[in-house]
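Structure first, then comments.
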Amino acid sequence: MKAAVYYENGPPTVLKYEDVPDPECPDDGIVIQVEAVSIEGGDTLNRLGGELATTPHIVGYQAAGTILETGSNVKDLKVGQRVTTVNMYGSHAEKRAVFAATAWPVPDGLDIRQAAAIPVPFGTAHDCLFEFGHLKRGETVLVQAGAGAVGLAAIQLAKREGATVIATASSQEKLDRLKEFGLDHGINYREQDLVAEVMKLTDNRGVDLVVDPVGGSTLQKSIDVLGYRGRISMVGRAGREPMTVDVQSMMAGNRSLTGVFLGAEIFSPRVRENIQSLIDDAAKGELKVVLDKEFKLSEAAEAHAYIEGRSAFGRVIMIP
């Protein structure tokens with residue numbers, strides 16, 4: 001099979017399009033014919049500096065397609081079924097093997113490209129808001145990087161719960177587009193003072209919850225906009241900066257900071273059921289999956305470079 005591989009960490013140019021052996025099917029897993037790859041932020045970070053679990057290494061969390069083979073212990077999935085899958089690596093290929101526990105059936109009528117982009121962003125956003133963020137109806141949430149896949153999911157889920165939603169983005173154009181997904185107030189972080197704008201919007205009360213997939217210096221601003229008993233769900237380091245923050249101010253306001261990693265509980269019944277519910281909601285049109293641009297798998301280097309240019313609105317997809 002063909003795959004986008006690399007032999008050492010580095011910039012997008014380390015990715016090469018080569019022939020590699022087909023994956024073997026585990027007893028508790030499946031092999032799929034990949035029809036769409038959703039490039040995650042973690043994929044670019046792993047390519048840049050993560051562990052190479054195989055040589056050559058095939059990076060990638062998410063991909064969707066059709067089951068080619070099932071393991072001897074798999075009872076609830078079958079050959080020919082459409083699924084969307086998650087694994088720690090291996091998505092950037094024509095075929096991939098995953099555990100059956102991290103493969104979700106795709107309902108009829110849902111575009112396989114959209115299905116590929118649901119589990120990690122929507123599952124992560126849901127955990128940030130509810131499992132760890134304890135968001136309640138009527139509260140105010142700030143979503144950092146609202147035009148990213150996690151941000152777009154968080155805006156929709158928070159609005160559906162009845163929250164007031166504030167989000168940041170790098171341009172007014174992106175903020176205007178976010179309004180159709182439930183955004184109440186937008187802040188252009190390149191031109192506006194984030195803390196001052198949030199305090200103005202909340203009558204100096206601050207927000208109840210921040211979803212922060214950026215980290216770095218942005219995390220300090222997330223802390224600074226918290227109201228009394230405010231919470232932060234910190235879920236990434238897209239900014240690629242050191243995590244140096246002053247947490248002293250959190251004590252006086254009984255504020256809290258929680259790190260969120262969907263992968264830590266990806267095999268749990270709670271997460272499995274929640275992701276399937278989110279997929280079903282998308283199939284019914286109750287949630288929107290935003291796809292920004294499509295590349296060929298052979299163009300993986302260009303796709304990664306495009307993502308790192310930070311102009312994407314939603315997910316970038318590759319088609320083998």
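By convention in this document, the chains of the structure tokens carry letters A, B, ... by their order, each chain's residues are numbered from 1, and ligands are numbered from 1 in the order they are shown.
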| said: So that I can check the surroundings of region 193-196 of chain A, please list as a PyMOL selection string every protein, DNA and RNA residue that reaches within 7 Å of it, counting only C-alpha atoms and ignoring chain neighbours fewer than 3 positions away. | reply: chain A and resi 187+189+199-200+221+224-225
How would the residues just chosen look if you wrote them out with N, CA, C and O atoms as a PDB file, in the first residue's frame?
```
ATOM      1  N   ILE A 187     -13.756  37.847  19.219  1.00  0.00           N
ATOM      2  CA  ILE A 187     -12.612  38.697  19.537  1.00  0.00           C
ATOM      3  C   ILE A 187     -11.463  38.365  18.586  1.00  0.00           C
ATOM      4  O   ILE A 187     -11.028  37.204  18.510  1.00  0.00           O
ATOM      5  N   TYR A 189      -7.933  38.228  18.147  1.00  0.00           N
ATOM      6  CA  TYR A 189      -6.817  38.289  19.096  1.00  0.00           C
ATOM      7  C   TYR A 189      -5.597  39.015  18.539  1.00  0.00           C
ATOM      8  O   TYR A 189      -4.707  39.427  19.293  1.00  0.00           O
ATOM      9  N   MET A 199     -13.666  41.220  29.580  1.00  0.00           N
ATOM     10  CA  MET A 199     -14.210  41.911  30.745  1.00  0.00           C
ATOM     11  C   MET A 199     -15.302  42.901  30.344  1.00  0.00           C
ATOM     12  O   MET A 199     -16.306  43.064  31.041  1.00  0.00           O
ATOM     13  N   LYS A 200     -15.141  43.529  29.185  1.00  0.00           N
ATOM     14  CA  LYS A 200     -16.169  44.439  28.698  1.00  0.00           C
ATOM     15  C   LYS A 200     -17.459  43.665  28.389  1.00  0.00           C
ATOM     16  O   LYS A 200     -18.562  44.113  28.730  1.00  0.00           O
ATOM     17  N   LYS A 221      -3.597  34.281  29.387  1.00  0.00           N
ATOM     18  CA  LYS A 221      -4.757  35.133  29.131  1.00  0.00           C
ATOM     19  C   LYS A 221      -6.055  34.407  29.495  1.00  0.00           C
ATOM     20  O   LYS A 221      -7.013  35.025  29.975  1.00  0.00           O
ATOM     21  N   ASP A 224      -6.437  34.855  33.074  1.00  0.00           N
ATOM     22  CA  ASP A 224      -6.756  36.245  33.432  1.00  0.00           C
ATOM     23  C   ASP A 224      -8.212  36.620  33.177  1.00  0.00           C
ATOM     24  O   ASP A 224      -8.695  37.609  33.738  1.00  0.00           O
ATOM     25  N   VAL A 225      -8.917  35.876  32.335  1.00  0.00           N
ATOM     26  CA  VAL A 225     -10.312  36.234  32.040  1.00  0.00           C
ATOM     27  C   VAL A 225     -11.314  35.422  32.867  1.00  0.00           C
ATOM     28  O   VAL A 225     -12.522  35.596  32.709  1.00  0.00           O
TER      29      VAL A 225
END
```
| task | From a DSSP calculation on the backbone, collect every residue of region 33-266 of chain A in strand (DSSP E) and output the set as an MDAnalysis selection string. | result | chainID A and resid 33:39 62:70 82:86 95:99 103:105 140:143 164:169 185:188 207:212 226:234 256:259
| Could you state the separation of CA of Glu299 (chain A) and CA of Pro107 (chain A) in Å, given to one decimal place? |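 We find that CA of Glu299 (chain A) and CA of Pro107 (chain A) lie 28.8 Å from each other.
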Contacts between region 147-153 of chain A and region 17-41 of chain A, please, where a residue of region 17-41 of chain A counts if it comes within 12 Å (with only C-alpha atoms); show its shortest atom pair and distance in Å to one decimal, rows by chain and ascending number, as CSV.
```
residue,atom,partner,partner_atom,distance
A:Ser38,CA,A:Ala149,CA,10.3
A:Ile39,CA,A:Ala149,CA,10.3
A:Glu40,CA,A:Ala149,CA,8.6
A:Gly41,CA,A:Ala149,CA,9.2
```
Got time to write the residues from that selection, N, CA and C atoms, as a short mmCIF file (atom, residue, chain, number, x, y, z; two decimals), in the first residue's frame?
```cif
data_model
loop_
_atom_site.label_atom_id
_atom_site.label_comp_id
_atom_site.auth_asym_id
_atom_site.auth_seq_id
_atom_site.Cartn_x
_atom_site.Cartn_y
_atom_site.Cartn_z
N SER A 38 -8.42 12.63 8.32
CA SER A 38 -8.56 13.94 8.94
C SER A 38 -7.25 14.25 9.66
N ILE A 39 -6.58 15.31 9.24
CA ILE A 39 -5.30 15.66 9.86
C ILE A 39 -5.56 16.42 11.15
N GLU A 40 -5.08 15.88 12.26
CA GLU A 40 -5.26 16.49 13.57
C GLU A 40 -4.06 17.37 13.93
N GLY A 41 -4.30 18.31 14.85
CA GLY A 41 -3.20 19.14 15.31
C GLY A 41 -2.09 18.31 15.91
#
```
| request: In Å, rounded to a single decimal, give me how far CA of Phe122 (chain A) is from CA of Ser256 (chain A). | output: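 Straight-line distance from CA of Ser256 (chain A) to CA of Phe122 (chain A) works out to 22.6 Å.
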| request: State, in Å with one decimal place, the distance from CA of Leu77 (chain A) to CA of Ile319 (chain A). | output: 23.4 Å
| task | Extract, using only C-alpha atoms, all DNA, RNA and protein residues at most 12 Å from Leu157 (chain A), discarding same-chain residues fewer than 3 positions from it, and format them as a ChimeraX atom specification. | result | /A:121-130,135-137,141,143,150-154,160-165,181-183,211,278,281-282,286-288
| message | When you count only C-alpha atoms, which of these residues is closest to Lys16 (chain A): A:Val210, A:Val59, A:Val198, A:Ala53? | response |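 Among A:Val210, A:Val59, A:Val198, A:Ala53, it is A:Val59 that comes nearest to Lys16 (chain A).
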| message | So that I can check the secondary structure, give me every residue of region 271-313 of chain A assigned alpha helix (DSSP H) by backbone DSSP, as a VMD selection string. | response | chain A and resid 271 to 283 300 to 308
| task | Would you mind listing what lies within 9 Å of Asp292 (chain A) as a ChimeraX atom specification, with only C-alpha atoms counted and same-chain residues fewer than 5 positions away left out? | result | /A:312-317
What does the file look like for those residues with N, CA and C atoms, as a PDB file, in the first residue's frame?
```pdb
ATOM      1  N   ALA A 312      -6.460  27.749   8.010  1.00  0.00           N
ATOM      2  CA  ALA A 312      -7.584  26.822   7.864  1.00  0.00           C
ATOM      3  C   ALA A 312      -8.766  27.213   8.742  1.00  0.00           C
ATOM      4  N   PHE A 313      -9.958  26.923   8.252  1.00  0.00           N
ATOM      5  CA  PHE A 313     -11.190  27.111   8.998  1.00  0.00           C
ATOM      6  C   PHE A 313     -11.862  25.750   9.047  1.00  0.00           C
ATOM      7  N   GLY A 314     -11.666  25.029  10.150  1.00  0.00           N
ATOM      8  CA  GLY A 314     -12.120  23.653  10.238  1.00  0.00           C
ATOM      9  C   GLY A 314     -11.011  22.680   9.910  1.00  0.00           C
ATOM     10  N   ARG A 315     -11.398  21.448   9.541  1.00  0.00           N
ATOM     11  CA  ARG A 315     -10.426  20.387   9.313  1.00  0.00           C
ATOM     12  C   ARG A 315      -9.933  20.309   7.879  1.00  0.00           C
ATOM     13  N   VAL A 316      -8.686  19.855   7.748  1.00  0.00           N
ATOM     14  CA  VAL A 316      -8.071  19.581   6.449  1.00  0.00           C
ATOM     15  C   VAL A 316      -8.094  18.065   6.247  1.00  0.00           C
ATOM     16  N   ILE A 317      -8.541  17.642   5.061  1.00  0.00           N
ATOM     17  CA  ILE A 317      -8.745  16.238   4.747  1.00  0.00           C
ATOM     18  C   ILE A 317      -7.780  15.795   3.668  1.00  0.00           C
TER      19      ILE A 317
END
```
| field | Residue among A:Gly42, A:Asp19, A:Phe99, A:Ser91 lying closest to Pro213 (chain A), counting only C-alpha atoms | value |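 Of A:Gly42, A:Asp19, A:Phe99, A:Ser91, the one nearest Pro213 (chain A) is A:Gly42, counting only C-alpha atoms.
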| query | So, counting only C-alpha atoms, which residue among A:Arg310, A:Arg231, A:Arg47, A:Arg272 is closest to Gly259 (chain A)? | reply |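 Of the candidates, the smallest distance to Gly259 (chain A) is held by A:Arg231.
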Gly309 (chain A) surroundings by only C-alpha atoms, 12 Å radius, close-in-sequence under 3 positions cut, as a JSON list (two decimals) with all heavy atoms, in the first residue's frame:
```
[["chain", "number", "residue", "atom", "x", "y", "z"],
["A", 12, "PRO", "N", 7.30, 19.80, 7.54],
["A", 12, "PRO", "CA", 6.48, 19.00, 6.62],
["A", 12, "PRO", "C", 7.27, 18.32, 5.51],
["A", 12, "PRO", "O", 6.85, 17.27, 5.02],
["A", 12, "PRO", "CB", 5.50, 20.03, 6.06],
["A", 12, "PRO", "CG", 5.34, 21.04, 7.15],
["A", 12, "PRO", "CD", 6.70, 21.16, 7.76],
["A", 44, "THR", "N", 0.55, 16.98, 13.38],
["A", 44, "THR", "CA", 1.64, 17.88, 13.00],
["A", 44, "THR", "C", 2.67, 18.00, 14.13],
["A", 44, "THR", "O", 3.86, 18.09, 13.88],
["A", 44, "THR", "CB", 1.12, 19.27, 12.61],
["A", 44, "THR", "OG1", 0.49, 19.89, 13.74],
["A", 44, "THR", "CG2", 0.12, 19.17, 11.47],
["A", 170, "SER", "N", -8.26, 34.75, 14.33],
["A", 170, "SER", "CA", -7.20, 35.64, 13.86],
["A", 170, "SER", "C", -7.68, 36.69, 12.86],
["A", 170, "SER", "O", -6.89, 37.51, 12.41],
["A", 170, "SER", "CB", -6.09, 34.82, 13.21],
["A", 170, "SER", "OG", -6.60, 34.07, 12.12],
["A", 238, "ALA", "N", -1.23, 24.19, 20.59],
["A", 238, "ALA", "CA", -1.14, 24.56, 19.18],
["A", 238, "ALA", "C", -0.20, 25.73, 18.96],
["A", 238, "ALA", "O", 0.37, 25.90, 17.88],
["A", 238, "ALA", "CB", -2.52, 24.88, 18.63],
["A", 239, "GLY", "N", -0.04, 26.57, 19.99],
["A", 239, "GLY", "CA", 0.85, 27.71, 19.88],
["A", 239, "GLY", "C", 2.32, 27.34, 19.91],
["A", 239, "GLY", "O", 3.19, 28.16, 19.59],
["A", 302, "GLU", "N", 2.39, 19.04, 1.66],
["A", 302, "GLU", "CA", 1.70, 20.30, 1.38],
["A", 302, "GLU", "C", 0.54, 20.52, 2.35],
["A", 302, "GLU", "O", 0.29, 21.64, 2.80],
["A", 302, "GLU", "CB", 1.20, 20.33, -0.06],
["A", 302, "GLU", "CG", 2.30, 20.37, -1.12],
["A", 302, "GLU", "CD", 2.74, 18.99, -1.58],
["A", 302, "GLU", "OE1", 2.65, 18.03, -0.78],
["A", 302, "GLU", "OE2", 3.18, 18.88, -2.74],
["A", 303, "ALA", "N", -0.17, 19.44, 2.67],
["A", 303, "ALA", "CA", -1.30, 19.55, 3.59],
["A", 303, "ALA", "C", -0.84, 19.97, 4.98],
["A", 303, "ALA", "O", -1.45, 20.83, 5.62],
["A", 303, "ALA", "CB", -2.05, 18.21, 3.66],
["A", 304, "HIS", "N", 0.24, 19.37, 5.48],
["A", 304, "HIS", "CA", 0.77, 19.74, 6.79],
["A", 304, "HIS", "C", 1.25, 21.19, 6.79],
["A", 304, "HIS", "O", 1.04, 21.93, 7.76],
["A", 304, "HIS", "CB", 1.92, 18.80, 7.18],
["A", 304, "HIS", "CG", 1.46, 17.52, 7.81],
["A", 304, "HIS", "ND1", 1.96, 17.06, 9.00],
["A", 304, "HIS", "CD2", 0.54, 16.61, 7.41],
["A", 304, "HIS", "CE1", 1.38, 15.91, 9.32],
["A", 304, "HIS", "NE2", 0.52, 15.61, 8.36],
["A", 305, "ALA", "N", 1.90, 21.59, 5.72],
["A", 305, "ALA", "CA", 2.38, 22.98, 5.63],
["A", 305, "ALA", "C", 1.21, 23.95, 5.62],
["A", 305, "ALA", "O", 1.27, 25.02, 6.25],
["A", 305, "ALA", "CB", 3.23, 23.16, 4.37],
["A", 306, "TYR", "N", 0.14, 23.59, 4.93],
["A", 306, "TYR", "CA", -1.04, 24.45, 4.88],
["A", 306, "TYR", "C", -1.63, 24.63, 6.28],
["A", 306, "TYR", "O", -1.99, 25.74, 6.68],
["A", 306, "TYR", "CB", -2.07, 23.85, 3.94],
["A", 306, "TYR", "CG", -3.39, 24.59, 3.91],
["A", 306, "TYR", "CD1", -3.50, 25.81, 3.26],
["A", 306, "TYR", "CD2", -4.52, 24.07, 4.54],
["A", 306, "TYR", "CE1", -4.71, 26.50, 3.23],
["A", 306, "TYR", "CE2", -5.73, 24.75, 4.52],
["A", 306, "TYR", "CZ", -5.82, 25.97, 3.87],
["A", 306, "TYR", "OH", -7.01, 26.64, 3.86],
["A", 312, "ALA", "N", -6.46, 27.75, 8.01],
["A", 312, "ALA", "CA", -7.58, 26.82, 7.86],
["A", 312, "ALA", "C", -8.77, 27.21, 8.74],
["A", 312, "ALA", "O", -8.60, 27.75, 9.84],
["A", 312, "ALA", "CB", -7.14, 25.40, 8.19],
["A", 313, "PHE", "N", -9.96, 26.92, 8.25],
["A", 313, "PHE", "CA", -11.19, 27.11, 9.00],
["A", 313, "PHE", "C", -11.86, 25.75, 9.05],
["A", 313, "PHE", "O", -12.51, 25.32, 8.12],
["A", 313, "PHE", "CB", -12.10, 28.13, 8.31],
["A", 313, "PHE", "CG", -13.34, 28.50, 9.08],
["A", 313, "PHE", "CD1", -13.33, 29.59, 9.94],
["A", 313, "PHE", "CD2", -14.51, 27.76, 8.97],
["A", 313, "PHE", "CE1", -14.47, 29.94, 10.65],
["A", 313, "PHE", "CE2", -15.65, 28.10, 9.67],
["A", 313, "PHE", "CZ", -15.63, 29.19, 10.52]]
```
